[in-house]
2 protein chains.
Amino acid sequence: MIELDFKKTDGLIPAIAQDFDTGEVLMMAFINEESWKLTLETGVVHYWSRSRNKLWKKGESSGNIQEVKEIRVDCDDDCVLLKIRQVGDAACHTGFRSCFYRKVKDGALVTEGEKVFDPEDVYGAKG
Amino acid sequence: MIELDFKKTDGLIPAIAQDFDTGEVLMMAFINEESWKLTLETGVVHYWSRSRNKLWKKGESSGNIQEVKEIRVDCDDDCVLLKIRQVGDAACHTGFRSCFYRKVKDGALVTEGEKVFDPEDVYGAKG
């Protein structure tokens with residue numbers, strides 16, 4: 001297996017998901033060694049959820065999985081770039097295509113992104 | 001100032017640098033609150049160097065600074081996407097245009113990237 005440097009950040013490395021066709025950066029999340037192994041083996045992106053403290057197969061609840069088209073590793077072996085095909089067309093849990101749907105403008109954040117789904121339809125109403 | 005969530009990772013947030021024109025992901029490094037403030041104020045990217053444990057104005061020794069064209073913030077306020085113009089055309093200290101110059105192929109890493117400069121010419125011969 002290709003070895004990454006999991007020592008620096010408590011076993012977690014940032015992984016950037018980029019749309020393979022358009023080049024749009026869709027999200028960033030962390031991976032641990034197990035996520036990395038599973039992503040390589042299955043061809044489907046697995047992250048590590050810091051909020052839930054568990055392995056996270058992206059799309060496990062929404063069905064919006066990420067199919068790996070190409071993987072690149074950075075010069076220090078401590079970051080990976082996942083070029084993917086986003087099933088369902090939205091990577092963000094808010095329903096936007098990309099998690100980076102807000103832009104800095106005149107010192108504030110303005111929304112500028114494509115909303116693909118309503119989170120309540122996918123994850124159920126908030127309690 | 002736009003507030004980011006610097007609590008999660010010991011005050012450091014991943015920042016992704018993407019070529020504003022081509023969409024190529026050039027590098028990932030971390031920012032702290034001071035880097036973020038300086039990047040917003042100056043329009044030139046400042047990171048935090050974990051290896052040197054100090055503020056790092058990208059290009060301070062090579063001259064290859066990064067001019068901010070657009071900044072996007074992710075849904076959780078814990079990652080930023082910096083769309084930039086890379087002066088000198090190379091973001092990686094190895095002389096490659098992008099730090100992600102190696103690609104996973106048949107279970108190994110193969111180099112596939114454009115080398116723009118020889119690091120010895122820019123940083124001096126290795127001691």
# chains A, B, ... in the order shown; residues from 1 in each chain; ligands from 1

call {"tool": "interface_residues", "arguments": {"of": "chain B", "to": "chain A", "cutoff": "8 Å", "atoms": "only C-alpha atoms", "output": "list in words"}}
result
Met1, Ile2, Pro14, Gly23, Glu24, Met27, Met28, Glu70, Ile71, Arg72, Val73, Asp74, Cys75, Cys79, Val80, Leu81, Cys92, Thr94, Cys99, Phe100, Tyr101, Arg102, Lys103, Val104, Gly107, Ala108 and Leu109 of chain B

call {"tool": "residues_around", "arguments": {"residues": "A:Asp89", "least_positions_apart": "4", "cutoff": "9 Å", "atoms": "only C-alpha atoms", "output": "PyMOL selection string"}}
result
chain A and resi 64+85+96-97+116

call {"tool": "write_last_selection", "arguments": {"atoms": "N, CA and C atoms", "output": "CSV table (one decimal), in the first residue's frame"}}
result
chain,number,residue,atom,x,y,z
A,64,ASN,N,-25.2,9.7,-1.7
A,64,ASN,CA,-24.3,10.5,-2.6
A,64,ASN,C,-22.8,10.1,-2.4
A,85,ARG,N,-16.0,11.5,-9.1
A,85,ARG,CA,-17.4,11.7,-9.6
A,85,ARG,C,-18.3,11.7,-8.5
A,96,PHE,N,-25.8,22.0,-1.1
A,96,PHE,CA,-25.1,22.7,-2.2
A,96,PHE,C,-24.1,21.7,-2.8
A,97,ARG,N,-23.8,22.0,-4.1
A,97,ARG,CA,-22.9,21.1,-4.9
A,97,ARG,C,-21.6,21.0,-4.2
A,116,VAL,N,-28.5,21.8,-4.8
A,116,VAL,CA,-28.9,20.7,-5.6
A,116,VAL,C,-30.1,20.0,-4.9

call {"tool": "closest_residue", "arguments": {"among": "A:Glu33, A:Glu67, A:Asp5, A:Glu120", "to": "A:Ala17", "atoms": "only C-alpha atoms"}}
result
A:Glu67

call {"tool": "closest_residue", "arguments": {"among": "B:Glu114, B:Asp19, B:Glu34, B:Asp121", "to": "B:Phe6", "atoms": "only C-alpha atoms"}}
result
B:Glu34

call {"tool": "closest_residue", "arguments": {"among": "A:Leu55, A:Val122, A:Val44, A:Ala90", "to": "A:Val68", "atoms": "only C-alpha atoms"}}
result
A:Val44

call {"tool": "select_by_dssp", "arguments": {"residues": "chain B", "states": "alpha helix (DSSP H)", "output": "PyMOL selection string"}}
result
chain B and resi 33-42+119-123

call {"tool": "write_last_selection", "arguments": {"atoms": "all heavy atoms", "output": "compact mmCIF listing (two decimals), in the first residue's frame"}}
result
# COMPACT_ATOMS: atom_id res chain seq x y z
N GLU B 33 -5.06 32.15 12.87
CA GLU B 33 -5.85 33.38 12.83
C GLU B 33 -5.04 34.56 12.27
O GLU B 33 -5.56 35.37 11.50
CB GLU B 33 -6.37 33.71 14.24
CG GLU B 33 -7.52 34.68 14.20
CD GLU B 33 -8.45 34.55 15.41
OE1 GLU B 33 -8.12 33.78 16.35
OE2 GLU B 33 -9.48 35.23 15.41
N GLU B 34 -3.78 34.61 12.63
CA GLU B 34 -2.92 35.70 12.14
C GLU B 34 -2.72 35.61 10.61
O GLU B 34 -2.77 36.61 9.90
CB GLU B 34 -1.56 35.64 12.86
CG GLU B 34 -0.69 36.85 12.61
CD GLU B 34 0.71 36.69 13.21
OE1 GLU B 34 1.02 35.63 13.76
OE2 GLU B 34 1.50 37.66 13.07
N SER B 35 -2.50 34.38 10.12
CA SER B 35 -2.35 34.20 8.66
C SER B 35 -3.61 34.64 7.93
O SER B 35 -3.55 35.27 6.86
CB SER B 35 -2.15 32.72 8.30
OG SER B 35 -1.40 32.01 9.22
N TRP B 36 -4.75 34.27 8.50
CA TRP B 36 -6.04 34.60 7.89
C TRP B 36 -6.22 36.11 7.81
O TRP B 36 -6.56 36.65 6.75
CB TRP B 36 -7.14 33.93 8.73
CG TRP B 36 -8.56 34.22 8.36
CD1 TRP B 36 -9.53 34.72 9.17
CD2 TRP B 36 -9.21 34.01 7.08
NE1 TRP B 36 -10.72 34.83 8.50
CE2 TRP B 36 -10.56 34.42 7.21
CE3 TRP B 36 -8.78 33.54 5.84
CZ2 TRP B 36 -11.48 34.35 6.16
CZ3 TRP B 36 -9.70 33.49 4.78
CH2 TRP B 36 -11.01 33.89 4.94
N LYS B 37 -5.92 36.78 8.91
CA LYS B 37 -6.05 38.24 8.98
C LYS B 37 -5.13 38.90 7.93
O LYS B 37 -5.56 39.76 7.17
CB LYS B 37 -5.66 38.68 10.39
CG LYS B 37 -6.00 40.09 10.75
CD LYS B 37 -5.87 40.31 12.27
CE LYS B 37 -5.94 41.78 12.63
NZ LYS B 37 -4.69 42.51 12.41
N LEU B 38 -3.89 38.44 7.87
CA LEU B 38 -2.92 39.04 6.93
C LEU B 38 -3.29 38.75 5.48
O LEU B 38 -3.12 39.60 4.60
CB LEU B 38 -1.51 38.53 7.24
CG LEU B 38 -0.85 39.18 8.45
CD1 LEU B 38 0.41 38.41 8.85
CD2 LEU B 38 -0.50 40.64 8.13
N THR B 39 -3.80 37.54 5.22
CA THR B 39 -4.20 37.20 3.86
C THR B 39 -5.34 38.10 3.40
O THR B 39 -5.32 38.63 2.28
CB THR B 39 -4.61 35.71 3.79
OG1 THR B 39 -3.48 34.91 4.17
CG2 THR B 39 -5.06 35.31 2.39
N LEU B 40 -6.32 38.30 4.29
CA LEU B 40 -7.45 39.18 3.95
C LEU B 40 -6.99 40.62 3.75
O LEU B 40 -7.41 41.31 2.82
CB LEU B 40 -8.51 39.14 5.05
CG LEU B 40 -9.35 37.87 5.17
CD1 LEU B 40 -10.24 37.94 6.41
CD2 LEU B 40 -10.21 37.65 3.94
N GLU B 41 -6.11 41.09 4.63
CA GLU B 41 -5.68 42.49 4.60
C GLU B 41 -4.77 42.83 3.43
O GLU B 41 -4.86 43.89 2.84
CB GLU B 41 -4.93 42.83 5.89
CG GLU B 41 -5.86 43.16 7.06
CD GLU B 41 -5.08 43.35 8.36
OE1 GLU B 41 -3.84 43.43 8.31
OE2 GLU B 41 -5.74 43.43 9.41
N THR B 42 -3.86 41.89 3.10
CA THR B 42 -2.83 42.21 2.11
C THR B 42 -3.15 41.71 0.70
O THR B 42 -2.55 42.16 -0.27
CB THR B 42 -1.48 41.58 2.52
OG1 THR B 42 -1.62 40.15 2.51
CG2 THR B 42 -1.05 42.03 3.90
N PRO B 119 15.05 23.50 -7.73
CA PRO B 119 15.09 24.07 -6.37
C PRO B 119 16.47 24.62 -5.99
O PRO B 119 16.56 25.60 -5.26
CB PRO B 119 14.72 22.90 -5.47
CG PRO B 119 14.05 21.90 -6.33
CD PRO B 119 14.53 22.13 -7.73
N GLU B 120 17.52 24.02 -6.51
CA GLU B 120 18.87 24.50 -6.15
C GLU B 120 19.11 25.92 -6.65
O GLU B 120 19.83 26.70 -6.03
CB GLU B 120 19.94 23.56 -6.69
CG GLU B 120 19.95 22.24 -5.93
CD GLU B 120 21.26 21.47 -6.10
OE1 GLU B 120 22.18 22.00 -6.76
OE2 GLU B 120 21.33 20.35 -5.58
N ASP B 121 18.52 26.25 -7.80
CA ASP B 121 18.68 27.61 -8.33
C ASP B 121 17.94 28.64 -7.46
O ASP B 121 18.34 29.80 -7.38
CB ASP B 121 18.09 27.71 -9.76
CG ASP B 121 18.87 26.84 -10.73
OD1 ASP B 121 20.03 26.49 -10.41
OD2 ASP B 121 18.31 26.50 -11.79
N VAL B 122 16.86 28.20 -6.84
CA VAL B 122 16.01 29.14 -6.11
C VAL B 122 16.40 29.23 -4.63
O VAL B 122 16.48 30.31 -4.07
CB VAL B 122 14.52 28.73 -6.25
CG1 VAL B 122 13.62 29.60 -5.39
CG2 VAL B 122 14.09 28.83 -7.71
N TYR B 123 16.63 28.07 -4.03
CA TYR B 123 16.90 28.07 -2.58
C TYR B 123 18.39 27.85 -2.27
O TYR B 123 18.78 27.83 -1.12
CB TYR B 123 16.09 26.96 -1.88
CG TYR B 123 14.60 27.08 -2.09
CD1 TYR B 123 13.94 26.26 -2.98
CD2 TYR B 123 13.87 28.03 -1.38
CE1 TYR B 123 12.56 26.36 -3.18
CE2 TYR B 123 12.50 28.14 -1.57
CZ TYR B 123 11.85 27.30 -2.46
OH TYR B 123 10.51 27.40 -2.65

call {"tool": "atom_distance", "arguments": {"atom1": "atom CA of A:Phe20", "atom2": "atom CA of A:Gln86"}}
result
8.8 Å

call {"tool": "residues_around", "arguments": {"residues": "B:Lys58", "least_positions_apart": "3", "cutoff": "7 Å", "atoms": "only C-alpha atoms", "output": "list in words"}}
result
Val45, His46, Tyr47, Ile65 and Gln66 of chain B

call {"tool": "atom_distance", "arguments": {"atom1": "atom CA of B:Lys57", "atom2": "atom CA of B:Lys69"}}
result
16.4 Å

call {"tool": "atom_distance", "arguments": {"atom1": "atom CA of A:Lys7", "atom2": "atom CA of A:Leu82"}}
result
20.4 Å

call {"tool": "closest_residue", "arguments": {"among": "A:Ile84, A:Leu4, A:Ser62, A:Trp48", "to": "A:Asp118", "atoms": "only C-alpha atoms"}}
result
A:Ser62
